[in-house]
Structure formats: structure tokens, C-alpha cells
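Chemist: I am sharing run_5.cif, which consists of mmCIF, N, CA and C atoms:
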```
data_my_file
#
loop_
_atom_site.label_atom_id
_atom_site.label_comp_id
_atom_site.auth_asym_id
_atom_site.auth_seq_id
_atom_site.Cartn_x
_atom_site.Cartn_y
_atom_site.Cartn_z
N MET A 1 0.81 -1.20 0.00
CA MET A 1 0.00 0.00 0.00
C MET A 1 0.86 1.27 0.00
N THR A 2 2.00 1.24 0.66
CA THR A 2 2.82 2.44 0.75
C THR A 2 3.87 2.54 -0.34
N ARG A 3 4.07 1.45 -1.06
CA ARG A 3 5.07 1.40 -2.12
C ARG A 3 6.47 1.73 -1.60
N THR A 4 6.75 1.28 -0.42
CA THR A 4 8.07 1.53 0.17
C THR A 4 9.06 0.49 -0.31
N GLU A 5 10.31 0.92 -0.38
CA GLU A 5 11.38 -0.01 -0.72
C GLU A 5 11.86 -0.76 0.50
N SER A 6 11.75 -0.08 1.66
CA SER A 6 12.17 -0.73 2.90
C SER A 6 11.38 -0.14 4.06
N LEU A 7 11.35 -0.89 5.14
CA LEU A 7 10.68 -0.46 6.36
C LEU A 7 11.56 -0.88 7.52
N GLU A 8 11.85 0.07 8.38
CA GLU A 8 12.65 -0.22 9.56
C GLU A 8 11.84 0.13 10.79
N ILE A 9 11.80 -0.77 11.74
CA ILE A 9 11.11 -0.53 13.00
C ILE A 9 12.18 -0.59 14.08
N GLY A 10 12.21 0.46 14.89
CA GLY A 10 13.26 0.50 15.90
C GLY A 10 12.84 1.26 17.13
N GLU A 11 13.76 1.35 18.05
CA GLU A 11 13.55 2.10 19.27
C GLU A 11 13.49 3.60 18.92
N SER A 12 12.93 4.37 19.81
CA SER A 12 12.87 5.81 19.55
C SER A 12 14.28 6.40 19.59
N GLY A 13 14.47 7.41 18.80
CA GLY A 13 15.76 8.07 18.71
C GLY A 13 15.59 9.42 18.07
N ALA A 14 16.69 10.02 17.74
CA ALA A 14 16.64 11.34 17.11
C ALA A 14 16.14 11.23 15.67
N VAL A 15 15.36 12.22 15.27
CA VAL A 15 14.86 12.28 13.90
C VAL A 15 15.93 12.95 13.06
N PRO A 16 16.37 12.31 11.98
CA PRO A 16 17.38 12.93 11.12
C PRO A 16 16.86 14.24 10.51
N ASP A 17 17.79 15.14 10.22
CA ASP A 17 17.40 16.43 9.63
C ASP A 17 16.75 16.27 8.27
N ASP A 18 17.04 15.20 7.56
CA ASP A 18 16.50 15.02 6.22
C ASP A 18 15.22 14.19 6.21
N ALA A 19 14.47 14.24 7.31
CA ALA A 19 13.27 13.42 7.40
C ALA A 19 12.09 14.21 7.95
N ALA A 20 10.91 13.83 7.51
CA ALA A 20 9.68 14.36 8.08
C ALA A 20 9.23 13.36 9.14
N HIS A 21 8.53 13.85 10.13
CA HIS A 21 8.05 12.91 11.13
C HIS A 21 6.69 13.35 11.66
N SER A 22 5.95 12.37 12.11
CA SER A 22 4.62 12.63 12.62
C SER A 22 4.29 11.57 13.67
N LEU A 23 3.51 11.95 14.64
CA LEU A 23 3.07 11.02 15.66
C LEU A 23 1.67 10.55 15.31
N VAL A 24 1.51 9.26 15.08
CA VAL A 24 0.23 8.69 14.68
C VAL A 24 -0.13 7.57 15.64
N SER A 25 -1.20 7.76 16.39
CA SER A 25 -1.67 6.76 17.35
C SER A 25 -0.55 6.27 18.27
N GLY A 26 0.25 7.19 18.75
CA GLY A 26 1.32 6.84 19.68
C GLY A 26 2.56 6.28 19.02
N VAL A 27 2.58 6.23 17.69
CA VAL A 27 3.73 5.70 16.95
C VAL A 27 4.34 6.85 16.15
N GLU A 28 5.63 7.06 16.30
CA GLU A 28 6.29 8.10 15.52
C GLU A 28 6.71 7.52 14.18
N VAL A 29 6.24 8.15 13.12
CA VAL A 29 6.55 7.73 11.76
C VAL A 29 7.57 8.72 11.21
N VAL A 30 8.70 8.19 10.72
CA VAL A 30 9.77 9.01 10.17
C VAL A 30 9.95 8.63 8.71
N VAL A 31 9.92 9.64 7.83
CA VAL A 31 10.05 9.39 6.40
C VAL A 31 11.22 10.22 5.87
N PRO A 32 12.28 9.56 5.38
CA PRO A 32 13.39 10.32 4.78
C PRO A 32 12.90 11.03 3.52
N LEU A 33 13.27 12.29 3.36
CA LEU A 33 12.74 13.09 2.25
C LEU A 33 13.74 13.38 1.15
N LYS A 34 15.00 13.25 1.43
CA LYS A 34 16.03 13.75 0.53
C LYS A 34 15.82 13.33 -0.93
N GLU A 35 15.52 12.11 -1.19
CA GLU A 35 15.36 11.63 -2.57
C GLU A 35 13.91 11.64 -3.04
N LEU A 36 12.98 12.05 -2.17
CA LEU A 36 11.57 11.96 -2.51
C LEU A 36 10.95 13.27 -3.00
N ILE A 37 11.57 14.39 -2.68
CA ILE A 37 10.95 15.67 -3.02
C ILE A 37 11.92 16.57 -3.78
N ASP A 38 11.36 17.56 -4.46
CA ASP A 38 12.16 18.60 -5.11
C ASP A 38 12.32 19.71 -4.07
N VAL A 39 13.48 19.76 -3.44
CA VAL A 39 13.73 20.67 -2.34
C VAL A 39 13.54 22.13 -2.76
N ASP A 40 14.06 22.50 -3.91
CA ASP A 40 13.95 23.89 -4.37
C ASP A 40 12.48 24.28 -4.60
N ALA A 41 11.71 23.38 -5.16
CA ALA A 41 10.29 23.67 -5.39
C ALA A 41 9.55 23.83 -4.06
N GLU A 42 9.88 22.99 -3.10
CA GLU A 42 9.25 23.08 -1.78
C GLU A 42 9.64 24.37 -1.07
N LEU A 43 10.91 24.77 -1.21
CA LEU A 43 11.36 26.03 -0.60
C LEU A 43 10.66 27.22 -1.25
N ASP A 44 10.47 27.17 -2.56
CA ASP A 44 9.73 28.23 -3.26
C ASP A 44 8.29 28.30 -2.76
N LYS A 45 7.68 27.15 -2.61
CA LYS A 45 6.31 27.08 -2.11
C LYS A 45 6.23 27.68 -0.70
N LEU A 46 7.19 27.34 0.15
CA LEU A 46 7.20 27.88 1.51
C LEU A 46 7.41 29.40 1.50
N ALA A 47 8.23 29.89 0.58
CA ALA A 47 8.46 31.33 0.47
C ALA A 47 7.17 32.06 0.08
N ARG A 48 6.44 31.48 -0.87
CA ARG A 48 5.16 32.10 -1.27
C ARG A 48 4.16 32.09 -0.11
N GLU A 49 4.11 30.96 0.58
CA GLU A 49 3.20 30.84 1.73
C GLU A 49 3.59 31.84 2.82
N ARG A 50 4.90 31.97 3.06
CA ARG A 50 5.39 32.90 4.08
C ARG A 50 4.97 34.33 3.75
N LYS A 51 5.07 34.70 2.49
CA LYS A 51 4.70 36.05 2.07
C LYS A 51 3.23 36.31 2.37
N LYS A 52 2.37 35.34 2.05
CA LYS A 52 0.93 35.49 2.31
C LYS A 52 0.67 35.61 3.82
N ILE A 53 1.34 34.78 4.60
CA ILE A 53 1.15 34.81 6.05
C ILE A 53 1.60 36.16 6.60
N GLU A 54 2.75 36.65 6.14
CA GLU A 54 3.25 37.94 6.62
C GLU A 54 2.31 39.08 6.26
N GLN A 55 1.73 39.05 5.05
CA GLN A 55 0.77 40.08 4.65
C GLN A 55 -0.46 40.05 5.55
N GLU A 56 -0.96 38.86 5.80
CA GLU A 56 -2.14 38.72 6.66
C GLU A 56 -1.81 39.14 8.09
N LEU A 57 -0.63 38.78 8.57
CA LEU A 57 -0.20 39.19 9.91
C LEU A 57 -0.14 40.71 10.01
N GLN A 58 0.37 41.34 8.99
CA GLN A 58 0.46 42.80 8.97
C GLN A 58 -0.94 43.42 9.02
N ARG A 59 -1.87 42.85 8.27
CA ARG A 59 -3.24 43.35 8.25
C ARG A 59 -3.90 43.22 9.63
N VAL A 60 -3.77 42.03 10.22
CA VAL A 60 -4.39 41.78 11.53
C VAL A 60 -3.72 42.62 12.61
N SER A 61 -2.40 42.72 12.56
CA SER A 61 -1.68 43.54 13.54
C SER A 61 -2.09 45.01 13.42
N GLY A 62 -2.30 45.45 12.19
CA GLY A 62 -2.76 46.82 11.97
C GLY A 62 -4.10 47.08 12.62
N LYS A 63 -5.01 46.13 12.46
CA LYS A 63 -6.33 46.26 13.09
C LYS A 63 -6.19 46.33 14.60
N LEU A 64 -5.42 45.39 15.14
CA LEU A 64 -5.30 45.32 16.60
C LEU A 64 -4.48 46.47 17.17
N GLY A 65 -3.72 47.15 16.34
CA GLY A 65 -2.96 48.31 16.78
C GLY A 65 -3.72 49.61 16.58
N ASN A 66 -4.91 49.53 16.02
CA ASN A 66 -5.73 50.70 15.75
C ASN A 66 -6.70 50.92 16.92
N GLU A 67 -6.47 52.00 17.66
CA GLU A 67 -7.32 52.29 18.84
C GLU A 67 -8.79 52.46 18.46
N LYS A 68 -9.04 53.03 17.30
CA LYS A 68 -10.41 53.24 16.86
C LYS A 68 -11.12 51.89 16.66
N PHE A 69 -10.41 50.95 16.01
CA PHE A 69 -10.97 49.60 15.83
C PHE A 69 -11.25 48.96 17.17
N LEU A 70 -10.27 49.02 18.08
CA LEU A 70 -10.42 48.37 19.38
C LEU A 70 -11.56 48.96 20.20
N SER A 71 -11.77 50.26 20.10
CA SER A 71 -12.83 50.88 20.90
C SER A 71 -14.21 50.71 20.27
N ASN A 72 -14.28 50.55 18.94
CA ASN A 72 -15.58 50.46 18.26
C ASN A 72 -16.03 49.03 17.96
N ALA A 73 -15.10 48.11 17.83
CA ALA A 73 -15.47 46.73 17.45
C ALA A 73 -16.02 45.98 18.65
N PRO A 74 -17.00 45.10 18.40
CA PRO A 74 -17.50 44.25 19.48
C PRO A 74 -16.38 43.35 20.03
N ALA A 75 -16.49 43.00 21.29
CA ALA A 75 -15.45 42.21 21.95
C ALA A 75 -15.18 40.90 21.23
N ASP A 76 -16.24 40.25 20.72
CA ASP A 76 -16.03 38.97 20.05
C ASP A 76 -15.24 39.13 18.75
N VAL A 77 -15.39 40.26 18.07
CA VAL A 77 -14.63 40.52 16.84
C VAL A 77 -13.17 40.73 17.18
N VAL A 78 -12.91 41.48 18.24
CA VAL A 78 -11.53 41.71 18.67
C VAL A 78 -10.89 40.38 19.08
N GLU A 79 -11.63 39.54 19.81
CA GLU A 79 -11.11 38.23 20.22
C GLU A 79 -10.79 37.37 19.01
N LYS A 80 -11.64 37.40 18.00
CA LYS A 80 -11.38 36.63 16.77
C LYS A 80 -10.11 37.10 16.08
N GLU A 81 -9.91 38.41 16.04
CA GLU A 81 -8.70 38.96 15.42
C GLU A 81 -7.46 38.57 16.23
N GLN A 82 -7.57 38.57 17.56
CA GLN A 82 -6.45 38.16 18.40
C GLN A 82 -6.13 36.68 18.20
N ALA A 83 -7.19 35.86 18.08
CA ALA A 83 -6.99 34.43 17.82
C ALA A 83 -6.35 34.23 16.45
N LYS A 84 -6.78 35.03 15.48
CA LYS A 84 -6.21 34.97 14.13
C LYS A 84 -4.72 35.33 14.17
N LEU A 85 -4.37 36.33 14.96
CA LEU A 85 -2.98 36.75 15.10
C LEU A 85 -2.14 35.61 15.68
N GLU A 86 -2.65 34.95 16.70
CA GLU A 86 -1.93 33.82 17.30
C GLU A 86 -1.77 32.67 16.32
N GLU A 87 -2.82 32.37 15.58
CA GLU A 87 -2.78 31.28 14.61
C GLU A 87 -1.79 31.59 13.48
N LEU A 88 -1.80 32.82 13.01
CA LEU A 88 -0.87 33.22 11.95
C LEU A 88 0.57 33.20 12.45
N SER A 89 0.78 33.61 13.68
CA SER A 89 2.13 33.57 14.25
C SER A 89 2.63 32.14 14.35
N ALA A 90 1.75 31.22 14.74
CA ALA A 90 2.13 29.81 14.82
C ALA A 90 2.43 29.25 13.43
N ARG A 91 1.63 29.62 12.44
CA ARG A 91 1.87 29.17 11.06
C ARG A 91 3.19 29.70 10.53
N LEU A 92 3.52 30.94 10.87
CA LEU A 92 4.78 31.53 10.44
C LEU A 92 5.96 30.80 11.08
N ALA A 93 5.83 30.46 12.35
CA ALA A 93 6.90 29.73 13.04
C ALA A 93 7.07 28.34 12.42
N LYS A 94 5.98 27.67 12.11
CA LYS A 94 6.03 26.34 11.49
C LYS A 94 6.65 26.44 10.09
N ASN A 95 6.31 27.49 9.36
CA ASN A 95 6.87 27.72 8.04
C ASN A 95 8.39 27.86 8.14
N GLU A 96 8.84 28.63 9.11
CA GLU A 96 10.28 28.85 9.30
C GLU A 96 10.98 27.54 9.67
N GLU A 97 10.34 26.77 10.52
CA GLU A 97 10.89 25.47 10.92
C GLU A 97 11.02 24.55 9.70
N SER A 98 10.01 24.54 8.87
CA SER A 98 10.03 23.70 7.66
C SER A 98 11.11 24.19 6.70
N ARG A 99 11.24 25.50 6.56
CA ARG A 99 12.25 26.07 5.67
C ARG A 99 13.66 25.69 6.13
N GLU A 100 13.89 25.78 7.43
CA GLU A 100 15.20 25.42 7.97
C GLU A 100 15.50 23.94 7.74
N ARG A 101 14.50 23.10 8.00
CA ARG A 101 14.69 21.66 7.82
C ARG A 101 14.98 21.32 6.35
N LEU A 102 14.21 21.92 5.44
CA LEU A 102 14.43 21.65 4.02
C LEU A 102 15.75 22.23 3.55
N GLY A 103 16.16 23.35 4.10
CA GLY A 103 17.43 23.94 3.73
C GLY A 103 18.61 23.02 3.99
N LYS A 104 18.46 22.14 4.96
CA LYS A 104 19.51 21.18 5.29
C LYS A 104 19.61 20.04 4.27
N LEU A 105 18.59 19.91 3.44
CA LEU A 105 18.59 18.83 2.43
C LEU A 105 19.36 19.19 1.18
N ARG A 106 19.71 20.45 1.02
CA ARG A 106 20.41 20.90 -0.19
C ARG A 106 21.80 20.34 -0.25
#
```
Re-express the file's structure as C-alpha cells.
Modeler:
Amino acid sequence: MTRTESLEIGESGAVPDDAAHSLVSGVEVVVPLKELIDVDAELDKLARERKKIEQELQRVSGKLGNEKFLSNAPADVVEKEQAKLEELSARLAKNEESRERLGKLR
């Protein structure tokens, strides 16, 4: 089903820099990426995504930095914008982490 060439099951250890990993039902799955993906294309994709995230962050930060917006908007709208800011910040951090990891594959 996975079309893998090999499968290794072992004790937990460090995840190599050239691998993606995910925790699934208490099992950590590690997939080496170096020969599976086009690193430059993925880095370009991450750069485009980062630009969009930064633009949206700037927009949301502008709203939350505007005293007029804060004083006139209903509390639930302000809370949604604050939650959006936190979510975008987390996405930006994840994007940077992914970019650093992929950069090591070059």
C-alpha cells in the first residue's frame, strides 16, 4: 500500500534532519525526504506561503494596533482577530521550521 522499498522498525531516537516525522496513534513515523521531493520547489512554495502569512499578519496587527478599531469593534470581533494573530504567528513559526529543515537537504 505504501510502495516503500524498505521499512525499519526500531527504538525511539533522534529524527534525522533530512526526514519528516509525525506522531500517529502513539507511533512516531519518520520518512526520509532527501530523494523523494524537489527541495527547491518546496522552498519556493514555503516562500510564497510565508509572504501570504506575513501580509495577513500585517493586516491583523494593523487592526489590533488601531485604537479606533479596538474601541468600536464588538469584543467577540476583537477576540477573533487576536486568535487569528496567534494562529498566523504559529503558522509563520512552522513555516520557518520547515524552511530550515528543508534547507539542510540541499
Chemist: Excluding Asn95 (chain A) and any residue of its chain fewer than 3 positions from it, enumerate the residues within 8 Å of it, using all atoms listed in the file, and give them as a VMD selection string.
Modeler: chain A and resid 46 to 47 49 to 50 89 to 92 98 to 101
Chemist: Write down as number ranges by chain the residues of chain A whose backbone DSSP state falls under strand (DSSP E).
Modeler: A: 19-24, 27-32
Chemist: Go ahead and write the residues just picked, N, CA and C atoms, as a PDB file, in the coordinates of the input.
Modeler:
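The resulting file, part_26.pdb, is shown below:
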```
ATOM      1  N   ALA A  19      14.470  14.240   7.310  1.00  0.00           N
ATOM      2  CA  ALA A  19      13.270  13.420   7.400  1.00  0.00           C
ATOM      3  C   ALA A  19      12.090  14.210   7.950  1.00  0.00           C
ATOM      4  N   ALA A  20      10.910  13.830   7.510  1.00  0.00           N
ATOM      5  CA  ALA A  20       9.680  14.360   8.080  1.00  0.00           C
ATOM      6  C   ALA A  20       9.230  13.360   9.140  1.00  0.00           C
ATOM      7  N   HIS A  21       8.530  13.850  10.130  1.00  0.00           N
ATOM      8  CA  HIS A  21       8.050  12.910  11.130  1.00  0.00           C
ATOM      9  C   HIS A  21       6.690  13.350  11.660  1.00  0.00           C
ATOM     10  N   SER A  22       5.950  12.370  12.110  1.00  0.00           N
ATOM     11  CA  SER A  22       4.620  12.630  12.620  1.00  0.00           C
ATOM     12  C   SER A  22       4.290  11.570  13.670  1.00  0.00           C
ATOM     13  N   LEU A  23       3.510  11.950  14.640  1.00  0.00           N
ATOM     14  CA  LEU A  23       3.070  11.020  15.660  1.00  0.00           C
ATOM     15  C   LEU A  23       1.670  10.550  15.310  1.00  0.00           C
ATOM     16  N   VAL A  24       1.510   9.260  15.080  1.00  0.00           N
ATOM     17  CA  VAL A  24       0.230   8.690  14.680  1.00  0.00           C
ATOM     18  C   VAL A  24      -0.130   7.570  15.640  1.00  0.00           C
ATOM     19  N   VAL A  27       2.580   6.230  17.690  1.00  0.00           N
ATOM     20  CA  VAL A  27       3.730   5.700  16.950  1.00  0.00           C
ATOM     21  C   VAL A  27       4.340   6.850  16.150  1.00  0.00           C
ATOM     22  N   GLU A  28       5.630   7.060  16.300  1.00  0.00           N
ATOM     23  CA  GLU A  28       6.290   8.100  15.520  1.00  0.00           C
ATOM     24  C   GLU A  28       6.710   7.520  14.180  1.00  0.00           C
ATOM     25  N   VAL A  29       6.240   8.150  13.120  1.00  0.00           N
ATOM     26  CA  VAL A  29       6.550   7.730  11.760  1.00  0.00           C
ATOM     27  C   VAL A  29       7.570   8.720  11.210  1.00  0.00           C
ATOM     28  N   VAL A  30       8.700   8.190  10.720  1.00  0.00           N
ATOM     29  CA  VAL A  30       9.770   9.010  10.170  1.00  0.00           C
ATOM     30  C   VAL A  30       9.950   8.630   8.710  1.00  0.00           C
ATOM     31  N   VAL A  31       9.920   9.640   7.830  1.00  0.00           N
ATOM     32  CA  VAL A  31      10.050   9.390   6.400  1.00  0.00           C
ATOM     33  C   VAL A  31      11.220  10.220   5.870  1.00  0.00           C
ATOM     34  N   PRO A  32      12.280   9.560   5.380  1.00  0.00           N
ATOM     35  CA  PRO A  32      13.390  10.320   4.780  1.00  0.00           C
ATOM     36  C   PRO A  32      12.900  11.030   3.520  1.00  0.00           C
TER      37      PRO A  32
END
```
Chemist: Determine, counting all atoms listed in the file, which protein, DNA and RNA residues have an atom within 5 Å of an atom of Asp18 (chain A); residues of the same chain fewer than 5 positions away are not included. Present the result as an MDAnalysis selection string.
Modeler: chainID A and resid 32:34
Chemist: Can you write just those residues out, N, CA and C atoms, as a PDB file, in the coordinates of the input?
Modeler:
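Output file result_14.pdb is given in full below:
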```pdb
ATOM      1  N   PRO A  32      12.280   9.560   5.380  1.00  0.00           N
ATOM      2  CA  PRO A  32      13.390  10.320   4.780  1.00  0.00           C
ATOM      3  C   PRO A  32      12.900  11.030   3.520  1.00  0.00           C
ATOM      4  N   LEU A  33      13.270  12.290   3.360  1.00  0.00           N
ATOM      5  CA  LEU A  33      12.740  13.090   2.250  1.00  0.00           C
ATOM      6  C   LEU A  33      13.740  13.380   1.150  1.00  0.00           C
ATOM      7  N   LYS A  34      15.000  13.250   1.430  1.00  0.00           N
ATOM      8  CA  LYS A  34      16.030  13.750   0.530  1.00  0.00           C
ATOM      9  C   LYS A  34      15.820  13.330  -0.930  1.00  0.00           C
TER      10      LYS A  34
END
```
Chemist: Report the distance between CA of Glu86 (chain A) and CA of Val60 (chain A) in Å, rounded to one decimal place.
Modeler: 10.1 Å
Chemist: In Å to one decimal, how far is atom N of Gly103 (chain A) from atom N of Glu11 (chain A)?
Modeler: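 A separation of 26.2 Å between them.
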Chemist: Quote the spacing between atom C of Val78 (chain A) and atom C of Lys52 (chain A) in Å to one decimal place.
Modeler: 19.7 Å
Chemist: Looking at A:Glu97, A:Gly65, A:Arg106, A:Val31, which one is nearest to Thr4 (chain A), with distances taken over only C-alpha atoms?
Modeler: A:Val31
Chemist: Select from region 13-77 of chain A everything DSSP, run on the backbone, classes as alpha helix (DSSP H), then give the selection as a count of residues only.
Modeler: 35
Chemist: Could you pull region 9-100 of chain A out of the block above and save it with C-alpha atoms, as a compact mmCIF listing (two decimals), in the first residue's frame?
Modeler:
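Output file decode.txt follows:
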```txt
# COMPACT_ATOMS: atom_id res chain seq x y z
CA ILE A 9 11.11 -0.53 13.00
CA GLY A 10 13.26 0.50 15.90
CA GLU A 11 13.55 2.10 19.27
CA SER A 12 12.87 5.81 19.55
CA GLY A 13 15.76 8.07 18.71
CA ALA A 14 16.64 11.34 17.11
CA VAL A 15 14.86 12.28 13.90
CA PRO A 16 17.38 12.93 11.12
CA ASP A 17 17.40 16.43 9.63
CA ASP A 18 16.50 15.02 6.22
CA ALA A 19 13.27 13.42 7.40
CA ALA A 20 9.68 14.36 8.08
CA HIS A 21 8.05 12.91 11.13
CA SER A 22 4.62 12.63 12.62
CA LEU A 23 3.07 11.02 15.66
CA VAL A 24 0.23 8.69 14.68
CA SER A 25 -1.67 6.76 17.35
CA GLY A 26 1.32 6.84 19.68
CA VAL A 27 3.73 5.70 16.95
CA GLU A 28 6.29 8.10 15.52
CA VAL A 29 6.55 7.73 11.76
CA VAL A 30 9.77 9.01 10.17
CA VAL A 31 10.05 9.39 6.40
CA PRO A 32 13.39 10.32 4.78
CA LEU A 33 12.74 13.09 2.25
CA LYS A 34 16.03 13.75 0.53
CA GLU A 35 15.36 11.63 -2.57
CA LEU A 36 11.57 11.96 -2.51
CA ILE A 37 10.95 15.67 -3.02
CA ASP A 38 12.16 18.60 -5.11
CA VAL A 39 13.73 20.67 -2.34
CA ASP A 40 13.95 23.89 -4.37
CA ALA A 41 10.29 23.67 -5.39
CA GLU A 42 9.25 23.08 -1.78
CA LEU A 43 11.36 26.03 -0.60
CA ASP A 44 9.73 28.23 -3.26
CA LYS A 45 6.31 27.08 -2.11
CA LEU A 46 7.20 27.88 1.51
CA ALA A 47 8.46 31.33 0.47
CA ARG A 48 5.16 32.10 -1.27
CA GLU A 49 3.20 30.84 1.73
CA ARG A 50 5.39 32.90 4.08
CA LYS A 51 4.70 36.05 2.07
CA LYS A 52 0.93 35.49 2.31
CA ILE A 53 1.15 34.81 6.05
CA GLU A 54 3.25 37.94 6.62
CA GLN A 55 0.77 40.08 4.65
CA GLU A 56 -2.14 38.72 6.66
CA LEU A 57 -0.20 39.19 9.91
CA GLN A 58 0.46 42.80 8.97
CA ARG A 59 -3.24 43.35 8.25
CA VAL A 60 -4.39 41.78 11.53
CA SER A 61 -1.68 43.54 13.54
CA GLY A 62 -2.76 46.82 11.97
CA LYS A 63 -6.33 46.26 13.09
CA LEU A 64 -5.30 45.32 16.60
CA GLY A 65 -2.96 48.31 16.78
CA ASN A 66 -5.73 50.70 15.75
CA GLU A 67 -7.32 52.29 18.84
CA LYS A 68 -10.41 53.24 16.86
CA PHE A 69 -10.97 49.60 15.83
CA LEU A 70 -10.42 48.37 19.38
CA SER A 71 -12.83 50.88 20.90
CA ASN A 72 -15.58 50.46 18.26
CA ALA A 73 -15.47 46.73 17.45
CA PRO A 74 -17.50 44.25 19.48
CA ALA A 75 -15.45 42.21 21.95
CA ASP A 76 -16.03 38.97 20.05
CA VAL A 77 -14.63 40.52 16.84
CA VAL A 78 -11.53 41.71 18.67
CA GLU A 79 -11.11 38.23 20.22
CA LYS A 80 -11.38 36.63 16.77
CA GLU A 81 -8.70 38.96 15.42
CA GLN A 82 -6.45 38.16 18.40
CA ALA A 83 -6.99 34.43 17.82
CA LYS A 84 -6.21 34.97 14.13
CA LEU A 85 -2.98 36.75 15.10
CA GLU A 86 -1.93 33.82 17.30
CA GLU A 87 -2.78 31.28 14.61
CA LEU A 88 -0.87 33.22 11.95
CA SER A 89 2.13 33.57 14.25
CA ALA A 90 2.13 29.81 14.82
CA ARG A 91 1.87 29.17 11.06
CA LEU A 92 4.78 31.53 10.44
CA ALA A 93 6.90 29.73 13.04
CA LYS A 94 6.03 26.34 11.49
CA ASN A 95 6.87 27.72 8.04
CA GLU A 96 10.28 28.85 9.30
CA GLU A 97 10.89 25.47 10.92
CA SER A 98 10.03 23.70 7.66
CA ARG A 99 12.25 26.07 5.67
CA GLU A 100 15.20 25.42 7.97
```
